[in-house]
file data.txt (compact mmCIF, C-alpha atoms and all ligand atoms)
# COMPACT_ATOMS: atom_id res chain seq x y z
CA MET A 4 39.98 77.34 42.66
CA LEU A 5 38.07 74.67 44.59
CA ARG A 6 38.50 74.86 48.32
CA ALA A 7 35.51 73.18 49.92
CA LEU A 8 33.63 69.92 49.81
CA ALA A 9 30.27 69.57 51.57
CA ILE A 10 28.81 66.15 52.35
CA ASP A 11 25.13 65.92 53.19
CA PHE A 12 23.83 62.48 54.10
CA ASN A 13 20.48 61.73 52.48
CA SER A 14 17.53 60.99 54.75
CA TYR A 15 20.13 60.39 57.39
CA PHE A 16 18.21 58.91 60.34
CA ALA A 17 16.03 56.78 58.08
CA SER A 18 19.08 55.56 56.15
CA VAL A 19 20.84 54.56 59.37
CA GLU A 20 17.75 52.57 60.41
CA GLN A 21 17.69 50.89 57.00
CA GLN A 22 21.36 50.02 57.37
CA GLU A 23 20.75 48.60 60.85
CA ARG A 24 17.52 46.80 59.98
CA PRO A 25 17.58 45.08 56.56
CA GLU A 26 13.79 44.58 56.63
CA LEU A 27 13.39 48.36 56.25
CA ARG A 28 15.59 48.62 53.14
CA GLY A 29 13.82 49.85 50.04
CA GLN A 30 10.74 50.60 52.17
CA PRO A 31 9.06 53.90 52.97
CA VAL A 32 10.06 54.68 56.57
CA ILE A 33 9.44 57.65 58.82
CA ILE A 34 11.37 58.38 61.97
CA VAL A 35 9.49 59.92 64.88
CA PRO A 36 10.73 61.16 68.25
CA VAL A 37 7.95 59.33 70.13
CA LEU A 38 5.34 56.82 69.06
CA ALA A 39 2.18 58.90 69.17
CA GLU A 40 -0.22 59.42 66.29
CA THR A 41 -0.01 63.19 66.51
CA THR A 42 3.80 63.25 66.41
CA GLY A 43 5.55 64.71 63.38
CA ALA A 44 8.27 62.85 61.50
CA ILE A 45 11.78 64.14 62.09
CA ALA A 46 13.11 62.22 59.10
CA ILE A 47 11.68 60.26 56.20
CA SER A 48 13.35 57.69 54.00
CA ILE A 49 14.19 58.35 50.36
CA GLU A 50 11.38 55.92 49.38
CA ALA A 51 8.85 57.85 51.48
CA LYS A 52 9.95 61.13 49.87
CA VAL A 53 9.34 59.65 46.43
CA LEU A 54 5.79 58.85 47.57
CA GLY A 55 5.23 62.49 48.43
CA LEU A 56 5.73 62.49 52.19
CA GLN A 57 7.52 65.40 53.75
CA ARG A 58 9.35 65.97 57.00
CA ASN A 59 7.06 67.04 59.85
CA CYS A 60 4.12 65.02 58.53
CA ARG A 61 2.06 63.49 61.33
CA ILE A 62 2.06 59.72 61.82
CA ALA A 63 -1.68 59.52 61.13
CA GLU A 64 -1.28 61.49 57.91
CA ALA A 65 1.67 59.31 56.82
CA ARG A 66 -0.39 56.15 57.40
CA ARG A 67 -3.25 57.60 55.38
CA GLN A 68 -1.01 58.55 52.46
CA VAL A 69 1.20 55.47 52.52
CA PRO A 70 -0.66 52.49 54.04
CA GLY A 71 1.72 50.07 55.70
CA ILE A 72 4.50 52.64 56.09
CA ALA A 73 7.11 51.70 58.70
CA ILE A 74 7.06 54.01 61.72
CA VAL A 75 10.33 53.92 63.62
CA GLU A 76 11.11 55.57 66.91
CA ALA A 77 14.30 57.63 66.76
CA ARG A 78 17.46 56.25 68.35
CA PRO A 79 19.71 59.31 68.68
CA GLU A 80 22.59 57.35 70.19
CA VAL A 81 22.73 55.10 67.10
CA TYR A 82 22.74 58.12 64.79
CA ILE A 83 25.56 59.66 66.77
CA ARG A 84 27.55 56.42 66.59
CA TYR A 85 27.12 56.33 62.80
CA HIS A 86 27.98 60.01 62.57
CA ARG A 87 31.32 59.31 64.23
CA ARG A 88 32.04 56.37 61.96
CA LEU A 89 31.15 58.39 58.88
CA LYS A 90 33.37 61.23 59.99
CA ASP A 91 36.25 58.84 60.60
CA VAL A 92 35.89 57.30 57.15
CA VAL A 93 35.70 60.70 55.46
CA GLU A 94 38.72 61.80 57.44
CA THR A 95 40.81 59.01 55.91
CA CYS A 96 40.15 60.64 52.51
CA VAL A 97 40.19 64.39 53.24
CA PRO A 98 40.44 66.61 56.35
CA VAL A 99 37.06 67.39 57.95
CA LYS A 100 37.09 71.10 58.68
CA LYS A 101 33.79 71.39 60.50
CA ILE A 102 30.88 69.25 61.58
CA GLN A 103 27.95 71.31 60.35
CA SER A 104 25.37 69.02 61.88
CA ILE A 105 24.84 65.33 62.55
CA ASP A 106 24.33 64.66 58.82
CA GLU A 107 26.53 67.31 57.28
CA LEU A 108 30.31 67.58 57.09
CA GLU A 109 32.45 70.34 55.70
CA CYS A 110 35.85 69.36 54.27
CA ALA A 111 38.78 71.51 53.19
CA LEU A 112 40.31 70.95 49.76
CA THR A 113 44.01 71.67 49.36
CA GLY A 114 46.84 70.71 46.98
CA ASP A 115 45.80 68.47 44.08
CA PHE A 116 42.21 68.34 45.30
CA THR A 117 41.68 71.96 44.25
CA GLU A 118 41.60 70.68 40.62
CA PRO A 119 38.12 69.72 39.37
CA ALA A 120 39.07 66.25 38.10
CA ARG A 121 40.86 65.33 41.32
CA ALA A 122 38.08 66.77 43.50
CA LEU A 123 35.45 64.71 41.67
CA LYS A 124 37.59 61.60 41.98
CA LEU A 125 37.95 62.26 45.71
CA ALA A 126 34.17 62.64 46.11
CA ARG A 127 33.53 59.31 44.35
CA GLN A 128 36.19 57.67 46.50
CA ILE A 129 34.48 58.97 49.67
CA LYS A 130 31.14 57.50 48.53
CA VAL A 131 32.70 54.12 47.73
CA LYS A 132 34.52 54.01 51.06
CA ILE A 133 31.38 54.89 53.01
CA ALA A 134 29.39 52.20 51.23
CA ARG A 135 32.11 49.63 51.89
CA GLU A 136 33.07 50.55 55.45
CA VAL A 137 29.85 51.93 56.96
CA GLY A 138 27.15 50.56 54.71
CA PRO A 139 25.53 50.96 51.30
CA CYS A 140 22.38 52.55 52.80
CA LEU A 141 24.38 55.61 53.82
CA ARG A 142 24.11 57.65 50.67
CA SER A 143 25.18 61.27 50.43
CA SER A 144 24.99 64.33 48.25
CA ILE A 145 28.40 65.88 47.80
CA GLY A 146 28.93 69.47 46.71
CA ILE A 147 32.27 70.93 45.67
CA GLY A 148 32.93 74.64 45.31
CA PRO A 149 35.29 77.58 45.70
CA ASN A 150 34.03 78.08 49.27
CA TRP A 151 31.84 76.27 51.77
CA PHE A 152 28.78 78.37 50.92
CA LEU A 153 28.82 77.34 47.24
CA ALA A 154 29.79 73.75 48.10
CA LYS A 155 26.71 73.58 50.31
CA VAL A 156 24.49 75.01 47.57
CA ALA A 157 25.97 72.36 45.23
CA SER A 158 25.29 69.56 47.73
CA ASP A 159 21.61 70.61 47.81
CA MET A 160 21.27 70.59 44.02
CA GLN A 161 21.11 66.84 43.49
CA LYS A 162 19.41 64.37 45.82
CA PRO A 163 19.72 61.58 46.61
CA ASP A 164 23.26 60.37 45.96
CA GLY A 165 24.30 63.61 44.26
CA LEU A 166 27.64 64.94 43.14
CA VAL A 167 27.74 68.52 41.90
CA LEU A 168 30.77 70.68 41.30
CA LEU A 169 30.47 74.46 41.00
CA ASP A 170 33.62 76.14 39.72
CA GLU A 171 34.06 79.91 39.43
CA ALA A 172 33.20 79.64 35.73
CA ASP A 173 29.82 78.02 36.57
CA ILE A 174 28.66 81.00 38.58
CA PRO A 175 26.06 82.38 38.21
CA GLN A 176 24.81 80.25 35.25
CA LYS A 177 24.36 77.01 37.17
CA LEU A 178 22.61 78.84 40.02
CA LEU A 179 20.03 80.76 38.00
CA HIS A 180 17.29 78.13 38.34
CA LEU A 181 17.42 78.28 42.16
CA GLY A 182 15.14 80.30 44.42
CA LEU A 183 16.42 82.91 46.85
CA GLY A 184 15.48 80.66 49.76
CA ASP A 185 17.76 77.91 48.47
CA PHE A 186 20.77 79.81 49.77
CA CYS A 187 22.09 79.39 53.25
CA GLY A 188 21.66 82.76 54.96
CA ILE A 189 18.37 83.65 53.22
CA GLY A 190 15.47 82.73 55.47
CA PRO A 191 11.85 83.80 54.92
CA ASN A 192 12.44 87.23 56.49
CA MET A 193 15.53 87.98 54.47
CA GLU A 194 13.77 86.82 51.32
CA LYS A 195 10.99 89.31 52.04
CA ARG A 196 13.51 92.09 52.54
CA LEU A 197 15.28 91.22 49.30
CA ARG A 198 12.00 91.18 47.39
CA ALA A 199 10.98 94.51 48.91
CA ALA A 200 14.30 95.88 47.64
CA GLY A 201 13.52 94.64 44.11
CA ILE A 202 15.64 91.47 44.21
CA GLY A 203 13.47 88.47 43.36
CA THR A 204 15.74 86.23 41.29
CA VAL A 205 19.21 84.77 41.62
CA ALA A 206 20.31 86.79 38.57
CA GLN A 207 19.29 89.98 40.37
CA LEU A 208 20.90 88.79 43.57
CA TYR A 209 24.15 88.05 41.75
CA ALA A 210 24.10 91.44 40.00
CA ALA A 211 23.55 93.36 43.24
CA GLY A 212 26.68 95.04 44.57
CA SER A 213 28.26 94.42 47.94
CA THR A 214 27.20 97.79 49.37
CA ARG A 215 23.61 97.23 48.30
CA LEU A 216 23.43 93.79 49.94
CA ARG A 217 25.05 95.19 53.02
CA GLY A 218 22.30 97.81 53.12
CA ILE A 219 19.53 95.22 52.69
CA TRP A 220 21.02 92.94 55.37
CA GLY A 221 21.61 95.93 57.58
CA SER A 222 25.00 94.54 58.54
CA VAL A 223 28.35 93.37 57.26
CA GLU A 224 26.74 89.94 56.74
CA GLY A 225 25.29 91.29 53.49
CA ALA A 226 28.74 92.13 52.17
CA ARG A 227 29.93 88.70 53.26
CA PHE A 228 27.05 87.03 51.48
CA HIS A 229 28.02 88.94 48.32
CA ASP A 230 31.61 87.72 48.70
CA TRP A 231 30.55 84.07 49.09
CA LEU A 232 28.10 84.18 46.21
CA HIS A 233 30.93 85.44 44.02
CA GLY A 234 33.29 82.67 45.15
CA GLY A 235 35.17 84.64 47.82
CA VAL A 236 36.58 83.17 51.00
CA GLN A 237 35.73 85.63 53.77
CA GLU A 238 35.65 83.89 57.12
CA ARG A 239 32.11 83.28 58.25
CA GLU A 240 32.38 82.86 61.98
CA GLU A 241 33.23 86.43 62.70
CA THR A 242 30.67 87.94 65.00
CA ARG A 243 30.60 91.21 66.83
CA GLN A 244 31.52 89.46 70.02
CA GLN A 245 33.56 86.39 70.71
CA SER A 246 31.84 85.52 73.95
CA ILE A 247 29.15 86.50 76.42
CA GLY A 248 29.79 85.81 80.07
CA HIS A 249 29.05 86.70 83.62
CA GLY A 250 30.86 86.15 86.88
CA HIS A 251 29.93 86.55 90.49
CA VAL A 252 31.79 86.80 93.78
CA LEU A 253 29.73 84.78 96.21
CA PRO A 254 28.61 86.44 99.43
CA PRO A 255 29.56 84.36 102.53
CA GLN A 256 26.21 82.61 102.88
CA LEU A 257 26.38 81.32 99.30
CA ARG A 258 29.85 79.79 99.54
CA ASN A 259 28.66 76.22 99.32
CA PRO A 260 28.34 73.96 96.27
CA GLU A 261 24.52 74.00 96.08
CA ALA A 262 24.21 77.78 96.24
CA ALA A 263 27.15 78.21 93.84
CA LEU A 264 25.36 76.03 91.28
CA ALA A 265 22.18 78.06 91.69
CA VAL A 266 24.17 81.25 91.10
CA LEU A 267 25.79 79.71 88.04
CA HIS A 268 22.38 78.90 86.63
CA ARG A 269 21.21 82.43 87.20
CA LEU A 270 24.31 83.83 85.48
CA LEU A 271 23.82 81.38 82.64
CA GLN A 272 20.21 82.43 82.11
CA LYS A 273 21.31 86.05 82.02
CA ALA A 274 24.02 85.29 79.46
CA ALA A 275 21.60 83.25 77.34
CA MET A 276 19.13 86.12 77.35
CA ARG A 277 21.83 88.50 76.12
CA LEU A 278 22.86 85.96 73.50
CA ARG A 279 19.32 85.83 72.12
CA HIS A 280 18.99 89.59 72.34
CA ASP A 281 22.09 89.89 70.13
CA GLY A 282 20.67 87.33 67.72
CA CYS A 283 23.63 84.98 68.23
CA TYR A 284 24.06 81.28 68.84
CA ALA A 285 26.74 79.73 71.06
CA GLY A 286 28.64 76.53 70.36
CA ALA A 287 30.37 76.13 73.70
CA LEU A 288 30.02 76.82 77.39
CA HIS A 289 32.88 77.59 79.76
CA LEU A 290 32.48 77.25 83.49
CA SER A 291 34.98 78.53 86.05
CA VAL A 292 35.15 78.29 89.82
CA LYS A 293 37.63 79.88 92.19
CA PHE A 294 37.73 78.38 95.65
CA ARG A 295 38.38 80.04 98.98
CA ASP A 296 41.71 78.25 99.31
CA GLY A 297 42.91 79.92 96.11
CA THR A 298 42.56 76.91 93.80
CA HIS A 299 40.84 77.33 90.48
CA TRP A 300 38.95 74.95 88.26
CA SER A 301 37.34 75.39 84.87
CA GLY A 302 35.79 73.24 82.17
CA ASP A 303 34.38 73.51 78.66
CA ARG A 304 31.54 71.80 76.82
CA HIS A 305 31.10 72.01 73.05
CA PHE A 306 27.83 71.37 71.22
CA ASN A 307 25.98 72.28 68.04
CA GLU A 308 25.40 75.99 68.29
CA THR A 309 22.16 76.89 70.03
CA GLN A 310 20.32 79.69 71.86
CA ASP A 311 18.47 77.29 74.07
CA THR A 312 18.71 77.87 77.81
CA LEU A 313 17.75 74.26 78.49
CA HIS A 314 20.58 73.00 76.35
CA PHE A 315 23.02 75.29 78.16
CA THR A 316 21.53 74.19 81.48
CA HIS A 317 22.20 70.59 80.60
CA ALA A 318 25.80 71.38 79.62
CA LEU A 319 26.34 73.35 82.81
CA ASN A 320 24.97 70.52 84.96
CA GLU A 321 27.20 68.00 83.19
CA LEU A 322 30.29 70.15 83.69
CA TRP A 323 29.43 70.80 87.30
CA THR A 324 28.75 67.15 88.08
CA GLY A 325 31.98 66.17 86.37
CA ARG A 326 34.21 68.48 88.40
CA PRO A 327 37.06 66.67 90.17
CA HIS A 328 36.03 64.72 93.20
CA ALA A 329 38.43 66.59 95.47
CA LEU A 330 36.66 69.85 94.65
CA GLN A 331 33.13 68.64 95.24
CA THR A 332 33.03 69.70 98.86
CA ARG A 333 35.44 72.65 98.70
CA ALA A 334 33.99 76.10 99.42
CA PRO A 335 33.64 78.18 96.26
CA LEU A 336 34.40 81.91 96.27
CA GLN A 337 33.77 83.03 92.70
CA VAL A 338 31.88 81.46 89.85
CA GLY A 339 31.68 82.42 86.21
CA VAL A 340 30.02 81.15 83.07
CA ILE A 341 30.82 82.09 79.47
CA LEU A 342 29.03 81.25 76.24
CA HIS A 343 31.55 81.21 73.43
CA HIS A 344 32.06 79.98 69.86
CA LEU A 345 29.40 82.52 68.94
CA LEU A 346 27.77 82.48 65.54
CA ALA A 347 25.55 85.15 64.01
CA GLY A 348 21.90 84.07 63.75
CA GLN A 349 21.63 84.00 59.98
CA LEU A 350 24.55 81.60 59.69
CA HIS A 351 23.01 79.12 62.06
CA THR A 352 21.92 75.82 60.52
CA PRO A 353 19.30 74.22 62.74
CA ASP A 354 20.27 70.85 64.09
CA LEU A 355 18.34 68.32 62.04
CA PHE A 356 17.24 66.25 64.98
CA GLU A 357 16.36 69.28 67.06
CA ALA A 358 14.96 71.62 64.39
CA ASP A 359 11.27 71.29 65.29
CA LYS A 360 11.89 71.39 68.99
CA GLU A 361 14.14 74.37 68.41
CA ARG A 362 11.43 76.36 66.63
CA THR A 363 8.98 75.79 69.48
CA ARG A 364 11.63 76.51 72.07
CA THR A 365 12.69 79.72 70.32
CA LYS A 366 9.13 81.02 70.66
CA LEU A 367 8.99 79.99 74.28
CA LEU A 368 12.34 81.55 75.07
CA SER A 369 11.50 84.84 73.44
CA ALA A 370 8.28 84.90 75.48
CA VAL A 371 10.38 84.39 78.62
CA ASP A 372 12.76 87.17 77.55
CA ASN A 373 9.82 89.51 76.98
CA LEU A 374 8.40 88.80 80.43
CA ASN A 375 11.77 89.42 82.00
CA GLN A 376 12.15 92.67 80.10
CA THR A 377 8.67 93.78 81.10
CA PHE A 378 8.69 92.75 84.74
CA GLY A 379 12.36 93.04 85.48
CA LYS A 380 15.21 90.59 85.30
CA ASN A 381 14.48 87.14 86.67
CA ALA A 382 10.71 87.53 86.82
CA VAL A 383 10.63 84.15 85.14
CA TYR A 384 13.34 81.55 85.23
CA PHE A 385 13.86 77.90 84.59
CA GLY A 386 13.08 76.47 88.00
CA GLY A 387 12.88 72.77 87.22
CA ALA A 388 15.95 73.02 85.05
CA HIS A 389 17.99 73.56 88.16
CA GLY A 390 17.65 69.91 89.02
CA ALA A 391 20.86 68.37 87.77
CA THR A 392 19.09 65.28 86.48
CA ALA A 393 16.16 66.20 84.30
CA TYR A 394 16.63 67.49 80.78
CA ALA A 395 13.25 67.26 79.15
CA PRO A 396 11.05 70.00 77.79
CA MET A 397 8.10 68.51 79.66
CA ARG A 398 9.76 69.34 82.91
CA ILE A 399 10.23 73.03 82.41
CA ALA A 400 8.83 74.71 85.46
CA PHE A 401 8.52 78.45 85.66
CA THR A 402 8.78 79.84 89.11
CA ARG A 403 7.79 83.30 90.13
CA ILE A 404 10.55 84.63 92.32
CA PRO A 405 9.38 87.10 94.93
CA GLU A 406 12.67 88.99 95.09
CA PRO A 407 15.33 89.40 92.46
CA GLU A 408 18.09 87.63 94.28
CA ILE A 409 19.73 84.30 94.18
CA GLU A 410 17.87 81.50 95.82
CA GLU A 411 18.91 78.21 97.16
CA ILE A 412 17.86 75.24 95.17
CA ASP A 413 17.20 71.72 96.34
CA LEU A 414 19.01 69.61 93.76
CA GLN A 415 17.11 66.45 94.57
CA ARG A 416 13.69 67.94 94.29
CA GLY A 417 14.72 70.54 91.73
CA ARG A 418 12.66 73.32 93.22
CA ARG A 419 13.03 76.43 95.23
CA LEU A 420 13.61 75.86 98.93
CA LYS A 421 13.82 79.32 100.35
CA ALA A 422 14.54 82.84 99.29
CA LYS A 423 17.56 84.57 100.66
CA LYS A 424 16.75 87.35 103.07
CA THR A 425 19.47 89.90 102.43
CA PRO A 426 18.96 92.13 99.40
CA PRO A 427 21.78 92.12 96.85
CA PRO A 428 23.99 95.17 96.38
CA PRO A 429 22.58 97.63 93.86
CA GLY A 430 23.53 97.07 90.23
CA ASP A 431 26.08 94.54 89.13
CA LEU A 432 28.90 95.87 91.27
CA ASP A 433 29.93 92.44 92.43
CA GLU A 434 30.53 91.16 88.94
CA PHE A 435 34.03 90.52 87.71
CA PRO A 436 35.08 90.00 84.12
CA PRO A 437 35.12 86.24 83.71
CA ASP A 438 38.24 84.46 82.49
CA GLU A 439 38.46 83.74 78.81
CA PRO A 440 37.97 80.12 77.87
CA GLN A 441 41.08 78.23 76.85
MG MG A 501 20.68 65.45 54.93

call {"tool": "encode", "arguments": {"input": "data.txt", "output": "structure tokens", "more": "lines below"}}
Ligand SMILES: [Mg+2]
result
Amino acid sequence: MLRALAIDFNSYFASVEQQERPELRGQPVIIVPVLAETTGAIAISIEAKVLGLQRNCRIAEARRQVPGIAIVEARPEVYIRYHRRLKDVVETCVPVKKIQSIDELECALTGDFTEPARALKLARQIKVKIAREVGPCLRSSIGIGPNWFLAKVASDMQKPDGLVLLDEADIPQKLLHLGLGDFCGIGPNMEKRLRAAGIGTVAQLYAAGSTRLRGIWGSVEGARFHDWLHGGVQEREETRQQSIGHGHVLPPQLRNPEAALAVLHRLLQKAAMRLRHDGCYAGALHLSVKFRDGTHWSGDRHFNETQDTLHFTHALNELWTGRPHALQTRAPLQVGVILHHLLAGQLHTPDLFEADKERTRTKLLSAVDNLNQTFGKNAVYFGGAHGATAYAPMRIAFTRIPEPEIEEIDLQRGRRLKAKKTPPPPGDLDEFPPDEPQ
């Protein structure tokens, strides 16, 4: 039975630019985050792919290979606007179950659409509607399958403008030509482990039993992968934990908004470190504040799942700045921060626009975590990130903190003003279990 439809927009950012700017249509185009010769392309148009260019290629290299190629600076806000329009159009045809990334939607098939002929008709209808209502440059590869995993594999099998349906009867035959790395959930490390265990082809992967895959994965994810590959419908978002959070009762001298925000950032950095330690990604941040007069306020921010402290920092600052006006000057008593909507690492699909930045940032963050583990908690923290305004990797400032306690932060200047004199109580005695997000 067909249950899932995956839509992957082809060369998404480049296609949006071609839709917006007719002079770019039919031309090789690369999209770059900034206009500098050493910058790598974050997206390349279908025409540029045909000419052999690949994502990440440097501008200088692209010019050498394709003289006269159009170099376009990315306009994230335009891509987000198109993303919303595309989602709305798709939604008029079939329910969107999950936004996988800015250029990838997951839809649920029910009723008549679980039949192959009807599902194919639906997919063609979606393509026609997108071309008519958003623009003909927005082409997509649509995959249809018994579950999202196989639908996604199907959507990757034909590009551009693909339409591939994998029914139970097609498995494994129609998958046998693929490589192990073509499957979501098999990264370079997992591929190595599979090969070491004697699994080097899709036929061998398909023949391997659930217990064996579980053993190779070293977790229940292996059994789940087996289930998906065989057309099963085990839920994928199950992780060991549902959330990671910390709370803090503020000592009297920290019961002011500036100090409370600094404490929140410290709690956030601690939670993010645990998140990375557990190999998870979080898709939402919950912030809660209890005030001395007994009132309580909390807020949530959702985003594409990430492990990135800077991304969380940005979300926290936005939530904090957006708290009701009446509460802005009220004295806080307790603060808490929770990362939730957790996703196990191997199920994480890197955000297309952020993928390169994310790889660099992951290395940086694990270096920070190592320092903190070696020299004690909070040896290194994101000093500049405390400023509520700046969210740019260039502005990361690491500050050596002389004593492991909360410090007061100057929001305007975004740097440490003074260290608190009183030592904190031993251990985490003052922590309370934070409230669950709504
Ligand atoms: Mg795509």

call {"tool": "residues_around", "arguments": {"input": "data.txt", "residues": "region 90-99 of chain A", "least_positions_apart": "2", "cutoff": "10 Å", "atoms": "all atoms listed in the file", "output": "ChimeraX atom specification"}}
result
/A:8-10,85-88,101-102,105-113,116,125-126,128-130,132-133,136-137

call {"tool": "atom_distance", "arguments": {"input": "data.txt", "atom1": "CA of Ala226 (chain A)", "atom2": "CA of Phe152 (chain A)"}}
result
13.8 Å

call {"tool": "closest_residue", "arguments": {"input": "data.txt", "among": "A:Ala51, A:Met276, A:Ala46, A:Leu346", "to": "ligand MG 501 (chain A)", "atoms": "only C-alpha atoms and all ligand atoms"}}
result
A:Ala46

call {"tool": "residues_around", "arguments": {"input": "data.txt", "residues": "Ala275 (chain A)", "least_positions_apart": "2", "cutoff": "10 Å", "atoms": "only C-alpha atoms", "output": "PyMOL selection string"}}
result
chain A and resi 247-248+269-273+277-281+283-285+309-313+315-316+341-342+368+372

call {"tool": "residues_near_ligand", "arguments": {"input": "data.txt", "ligand": "ligand MG 501 (chain A)", "cutoff": "10 Å", "atoms": "all atoms listed in the file", "output": "count of residues only"}}
result
20

call {"tool": "atom_distance", "arguments": {"input": "data.txt", "atom1": "CA of Gly297 (chain A)", "atom2": "CA of Ala274 (chain A)"}}
result
25.7 Å

call {"tool": "atom_distance", "arguments": {"input": "data.txt", "atom1": "CA of Leu216 (chain A)", "atom2": "CA of Asp185 (chain A)"}}
result
16.9 Å

call {"tool": "residues_around", "arguments": {"input": "data.txt", "residues": "Ser18 (chain A)", "least_positions_apart": "6", "cutoff": "9 Å", "atoms": "only C-alpha atoms", "output": "list in words"}}
result
Phe12, Arg28, Ile47, Ser48, Ile49, Cys140, Leu141 and Arg142 of chain A

call {"tool": "residues_around", "arguments": {"input": "data.txt", "residues": "Leu288 (chain A)", "least_positions_apart": "6", "cutoff": "8 Å", "atoms": "all atoms listed in the file", "output": "list in words"}}
result
Asp303, Arg304, His305, Phe315, Ala318, Leu319, Val340, Ile341, Leu342 and His343 of chain A

call {"tool": "closest_residue", "arguments": {"input": "data.txt", "among": "A:Ala263, A:Ala134, A:Val19, A:Leu168", "to": "Glu118 (chain A)", "atoms": "all atoms listed in the file"}}
result
A:Leu168

call {"tool": "residues_around", "arguments": {"input": "data.txt", "residues": "Glu40 (chain A)", "least_positions_apart": "5", "cutoff": "10 Å", "atoms": "only C-alpha atoms", "output": "list in words"}}
result
Val35, Arg61, Ile62, Ala63, Glu64, Ala65 and Arg66 of chain A

call {"tool": "write_last_selection", "arguments": {"input": "data.txt", "atoms": "C-alpha atoms", "output": "short mmCIF file (atom, residue, chain, number, x, y, z; two decimals), in the coordinates of the input"}}
result
data_model
loop_
_atom_site.label_atom_id
_atom_site.label_comp_id
_atom_site.auth_asym_id
_atom_site.auth_seq_id
_atom_site.Cartn_x
_atom_site.Cartn_y
_atom_site.Cartn_z
CA VAL A 35 9.49 59.92 64.88
CA ARG A 61 2.06 63.49 61.33
CA ILE A 62 2.06 59.72 61.82
CA ALA A 63 -1.68 59.52 61.13
CA GLU A 64 -1.28 61.49 57.91
CA ALA A 65 1.67 59.31 56.82
CA ARG A 66 -0.39 56.15 57.40
#

call {"tool": "closest_residue", "arguments": {"input": "data.txt", "among": "A:Gly225, A:Gly302, A:Gly55, A:Pro260", "to": "Gln337 (chain A)", "atoms": "only C-alpha atoms"}}
result
A:Pro260

call {"tool": "residues_near_point", "arguments": {"input": "data.txt", "point": "(26.8, 70.2, 90.9)", "cutoff": "7 Å", "atoms": "all atoms listed in the file", "output": "PyMOL selection string"}}
result
chain A and resi 260-261+264+320+323-324+391
